[in-house]
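Structure below is query-v3.txt: compact mmCIF, C-alpha atoms and all ligand atoms.
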# COMPACT_ATOMS: atom_id res chain seq x y z
CA MET J 1 123.40 104.40 232.20
CA ASN J 2 120.27 106.41 231.58
CA LEU J 3 122.27 109.60 231.25
CA THR J 4 124.64 108.05 228.69
CA ARG J 5 121.68 106.98 226.64
CA ARG J 6 120.15 110.43 226.69
CA LEU J 7 123.50 111.93 225.77
CA LEU J 8 123.86 109.59 222.81
CA GLY J 9 120.37 110.54 221.73
CA SER J 10 121.30 114.22 221.77
CA ILE J 11 124.42 113.60 219.73
CA ALA J 12 122.42 111.71 217.13
CA LEU J 13 119.97 114.61 216.90
CA VAL J 14 122.78 117.14 216.46
CA ALA J 15 124.25 114.98 213.70
CA LEU J 16 120.92 114.96 211.90
CA LEU J 17 120.57 118.72 212.05
CA SER J 18 124.16 119.58 211.13
CA PRO J 19 124.82 121.30 207.80
CA ASN J 20 126.96 118.35 206.73
CA ALA J 21 123.98 116.04 206.99
CA LEU J 22 121.96 118.44 204.83
CA ALA J 23 124.77 118.75 202.26
CA ALA J 24 124.80 115.00 201.76
CA GLY J 25 121.71 115.14 199.53
CA PRO J 26 122.24 115.06 195.77
CA ALA J 27 120.60 118.47 195.26
CA ALA J 28 123.25 120.15 197.37
CA ALA J 29 125.99 118.94 195.02
CA THR J 30 125.01 121.42 192.32
CA PRO J 31 126.98 124.66 192.51
CA THR J 32 124.77 127.73 192.79
CA VAL J 33 125.12 130.60 190.35
CA GLU J 34 124.11 134.05 191.55
CA ARG J 35 124.53 137.79 190.95
CA ALA J 36 124.68 137.29 187.18
CA TRP J 37 124.94 140.46 185.11
CA ALA J 38 126.19 141.56 181.73
CA ARG J 39 127.27 144.82 180.16
CA ALA J 40 125.05 146.49 177.62
CA THR J 41 126.75 146.55 174.22
CA ALA J 42 126.96 149.15 171.49
CA PRO J 43 125.00 148.62 168.26
CA GLY J 44 126.92 146.29 165.96
CA ALA J 45 129.16 144.94 168.71
CA THR J 46 129.86 141.24 168.29
CA MET J 47 131.37 140.65 171.74
CA GLY J 48 130.10 141.14 175.24
CA ALA J 49 130.91 140.11 178.80
CA ALA J 50 128.93 138.57 181.61
CA TYR J 51 129.84 138.20 185.26
CA LEU J 52 128.53 135.97 188.01
CA VAL J 53 129.35 134.19 191.24
CA ILE J 54 129.67 130.40 191.36
CA ASP J 55 129.33 128.93 194.83
CA ASN J 56 130.18 125.26 195.27
CA ARG J 57 128.66 124.35 198.60
CA GLY J 58 129.10 120.68 197.87
CA ARG J 59 131.84 118.57 199.33
CA ARG J 60 133.11 117.58 195.91
CA ALA J 61 135.06 119.58 193.38
CA ASP J 62 133.29 120.24 190.10
CA ARG J 63 134.15 121.54 186.66
CA LEU J 64 132.27 124.02 184.51
CA LEU J 65 132.26 122.37 181.10
CA SER J 66 130.36 124.93 179.06
CA ILE J 67 128.21 128.03 179.03
CA SER J 68 125.65 128.79 176.40
CA THR J 69 123.12 131.48 175.57
CA PRO J 70 120.66 131.85 172.70
CA ARG J 71 121.92 135.45 172.33
CA ALA J 72 125.44 134.55 171.15
CA GLU J 73 127.17 131.94 169.03
CA SER J 74 129.48 130.99 171.87
CA ALA J 75 130.39 131.80 175.44
CA GLN J 76 133.78 131.12 176.99
CA VAL J 77 135.33 131.59 180.41
CA HIS J 78 138.38 133.85 180.24
CA VAL J 79 140.92 134.73 182.89
CA THR J 80 142.76 138.03 182.84
CA ILE J 81 146.54 137.80 183.09
CA ARG J 82 148.64 140.82 184.00
CA GLU J 83 152.30 140.73 183.01
CA LEU J 84 154.26 143.92 183.62
CA ASP J 85 152.23 146.50 181.68
CA GLN J 86 150.45 143.96 179.51
CA VAL J 87 146.96 142.65 180.10
CA ARG J 88 146.01 139.51 178.24
CA MET J 89 143.19 137.01 178.42
CA ARG J 90 143.22 133.27 178.21
CA ARG J 91 140.40 130.82 177.81
CA VAL J 92 139.89 128.42 180.71
CA ASP J 93 138.28 125.19 179.63
CA PRO J 94 137.10 123.62 181.80
CA LEU J 95 136.92 125.90 184.84
CA HIS J 96 137.74 124.01 188.05
CA ILE J 97 135.78 124.73 191.22
CA ALA J 98 137.09 123.22 194.43
CA ALA J 99 134.77 121.86 197.10
CA GLY J 100 133.43 124.77 199.12
CA GLU J 101 134.94 127.32 196.75
CA ARG J 102 133.24 130.58 195.80
CA LEU J 103 134.39 131.92 192.45
CA VAL J 104 133.66 135.56 191.70
CA LEU J 105 133.69 136.50 188.03
CA GLU J 106 134.01 140.26 187.84
CA PRO J 107 135.34 143.07 185.62
CA GLY J 108 139.12 143.00 185.38
CA GLY J 109 139.24 139.34 186.36
CA THR J 110 137.68 136.10 185.27
CA HIS J 111 134.67 136.69 183.02
CA VAL J 112 132.29 135.06 180.60
CA MET J 113 133.10 136.23 177.08
CA LEU J 114 130.14 136.29 174.73
CA MET J 115 131.19 135.91 171.13
CA GLY J 116 129.10 136.34 168.03
CA LEU J 117 126.29 138.35 169.61
CA ARG J 118 123.12 138.00 167.54
CA SER J 119 121.78 141.36 168.71
CA PRO J 120 123.04 144.06 171.07
CA LEU J 121 122.53 143.57 174.78
CA LEU J 122 120.27 146.37 175.96
CA ALA J 123 120.18 147.78 179.48
CA GLY J 124 117.21 146.37 181.40
CA GLU J 125 117.13 143.12 179.44
CA LYS J 126 117.64 139.65 180.85
CA LEU J 127 120.32 137.50 179.26
CA PRO J 128 119.62 133.77 179.68
CA LEU J 129 122.71 131.69 180.45
CA THR J 130 123.00 127.94 180.83
CA LEU J 131 125.99 126.64 182.73
CA ARG J 132 126.79 122.95 182.45
CA PHE J 133 128.76 121.40 185.30
CA GLU J 134 130.38 117.99 185.08
CA THR J 135 128.88 116.73 188.34
CA GLY J 136 126.23 119.31 189.16
CA GLY J 137 124.54 119.28 185.76
CA GLU J 138 122.81 122.27 184.21
CA VAL J 139 122.18 125.54 185.98
CA LYS J 140 120.11 128.22 184.22
CA VAL J 141 120.34 131.86 185.23
CA GLU J 142 119.18 135.19 183.86
CA ALA J 143 121.81 137.89 183.86
CA ASN J 144 120.66 141.49 184.29
CA VAL J 145 121.97 143.63 181.48
CA VAL J 146 123.21 146.94 182.84
CA ALA J 147 124.39 150.10 181.09
CA ALA J 148 128.09 150.03 180.31
CA SER J 149 129.95 152.68 182.23
CA PRO J 150 132.74 154.30 180.19
CA ALA J 151 134.81 154.65 183.36
CA ALA J 152 134.59 150.96 184.14
CA THR J 153 137.42 148.65 183.24
CA ASP J 154 136.53 146.97 179.99
CA PRO J 155 138.32 143.63 179.65
CA HIS J 156 137.43 143.45 175.95
CA ALA J 157 139.47 146.49 175.12
CA HIS J 158 142.46 144.16 175.40
CA HIS J 159 141.20 141.64 172.92
CA ALA J 160 142.87 141.71 169.54
CA GLN J 161 139.64 141.37 167.58
CU CU L 1 137.72 137.87 177.45

Could you write out this file's structure as structure tokens?
Amino acid sequence: MNLTRRLLGSIALVALLSPNALAAGPAAATPTVERAWARATAPGATMGAAYLVIDNRGRRADRLLSISTPRAESAQVHVTIRELDQVRMRRVDPLHIAAGERLVLEPGGTHVMLMGLRSPLLAGEKLPLTLRFETGGEVKVEANVVAASPAATDPHAHHAQ
């Protein structure tokens, strides 16, 4: 009898300390945004690209409704589609994030397209981005602007504009 009681006590303690118990709080429902960076742009360029990692550690799916930055008129999420020898891009609105999913936005794949840049993005600068999630609310990050490498795949080379 005594042993059963102690055993039950231990189980209760384990339940309290488990990651699931911690994830139950409302704060844990907000997806985290990390490793944000953007390419430096040439003088006069009106478009740029930013990349980041969205980690939804919550137990609920979420949707990224919008991204904004004071540095550009608009920001959109684009996916890259490869068909035979053609590379195209399509806007994804909203972007779905499954529970527990980690979405990596990177060159050659899904990216944040910055349109109507108000000034060039210079290497060493920080680009403020605000991501608005349907459930998780607003997440603000600062993307590191890094020098554009000519050898790197540039997804914007495929845009018609
Ligand atoms: Cu694009």

From the list J:Glu106, J:Glu134, J:Glu125, J:Glu142, which residue is nearest ligand CU 1 (chain L) when using only C-alpha atoms and all ligand atoms?
->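 Checking each of J:Glu106, J:Glu134, J:Glu125, J:Glu142 against ligand CU 1 (chain L), counting only C-alpha atoms and all ligand atoms, the winner is J:Glu106.
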
With all atoms listed in the file counted, which protein, DNA or RNA residues have an atom no more than 12 Å from (126.6, 132.2, 182.7) in the file frame? Please answer as an NGL selection string.
-> :J and (32-38 or 49-54 or 64-72 or 74-77 or 104-105 or 111-114 or 126-133 or 138-144)

For Ala123 of chain J: contacts at 7 Å, all atoms listed in the file, fewer than 2 positions along chain excluded, given as JSON, numbers by chain | {"J": [40, 121, 125, 145, 146, 147]}

Distance of atom CA of Arg90 of chain J from atom CA of Ala45 of chain J, expressed in Å to one decimal place | 20.6 Å

Pick the closest to ligand CU 1 (chain L) from J:Ala29, J:Ala42, J:Ile81, J:Leu95: which is it, counting only C-alpha atoms and all ligand atoms?
-> J:Ile81

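Here atom CA of Gln86 of chain J is placed at a distance of 16.1 Å from atom CA of Thr110 of chain J.
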
Between atom CA of Pro94 of chain J and atom CA of Arg63 of chain J, distance in Å (one decimal) =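 Between atom CA of Pro94 of chain J and atom CA of Arg63 of chain J the gap is 6.1 Å.
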
Which protein, DNA or RNA residues have an atom at most 6 Å from (128.3, 123.5, 189.1), counting all atoms listed in the file? List them as an MDAnalysis selection string.
-> chainID J and resid 30:31 133 136

If you keep C-alpha atoms, can you produce a file of those selected residues as an mmCIF file, keeping the file's coordinate frame?
data_model
loop_
_atom_site.group_PDB
_atom_site.id
_atom_site.type_symbol
_atom_site.label_atom_id
_atom_site.label_comp_id
_atom_site.auth_asym_id
_atom_site.auth_seq_id
_atom_site.Cartn_x
_atom_site.Cartn_y
_atom_site.Cartn_z
ATOM 1 C CA THR J 30 125.010 121.420 192.320
ATOM 2 C CA PRO J 31 126.980 124.660 192.510
ATOM 3 C CA PHE J 133 128.760 121.400 185.300
ATOM 4 C CA GLY J 136 126.230 119.310 189.160
#

Name the closest residue to ligand CU 1 (chain L) among the candidates J:Gly100, J:Gly124, J:Gly48, J:Gly137; distances are taken between atoms, counting all atoms listed in the file.
->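 Of J:Gly100, J:Gly124, J:Gly48, J:Gly137, the one nearest ligand CU 1 (chain L) is J:Gly48, counting all atoms listed in the file.
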
Might you pull out every residue within 8 Å of Glu73 of chain J, with all atoms listed in the file counted and same-chain residues fewer than 5 positions away left off, and present them as an MDAnalysis selection string?
-> chainID J and resid 114:118

Find the residue from J:Ser149, J:Thr80, J:Thr41, J:Asn56 that sits nearest to ligand CU 1 (chain L); use only C-alpha atoms and all ligand atoms when measuring.
-> J:Thr80
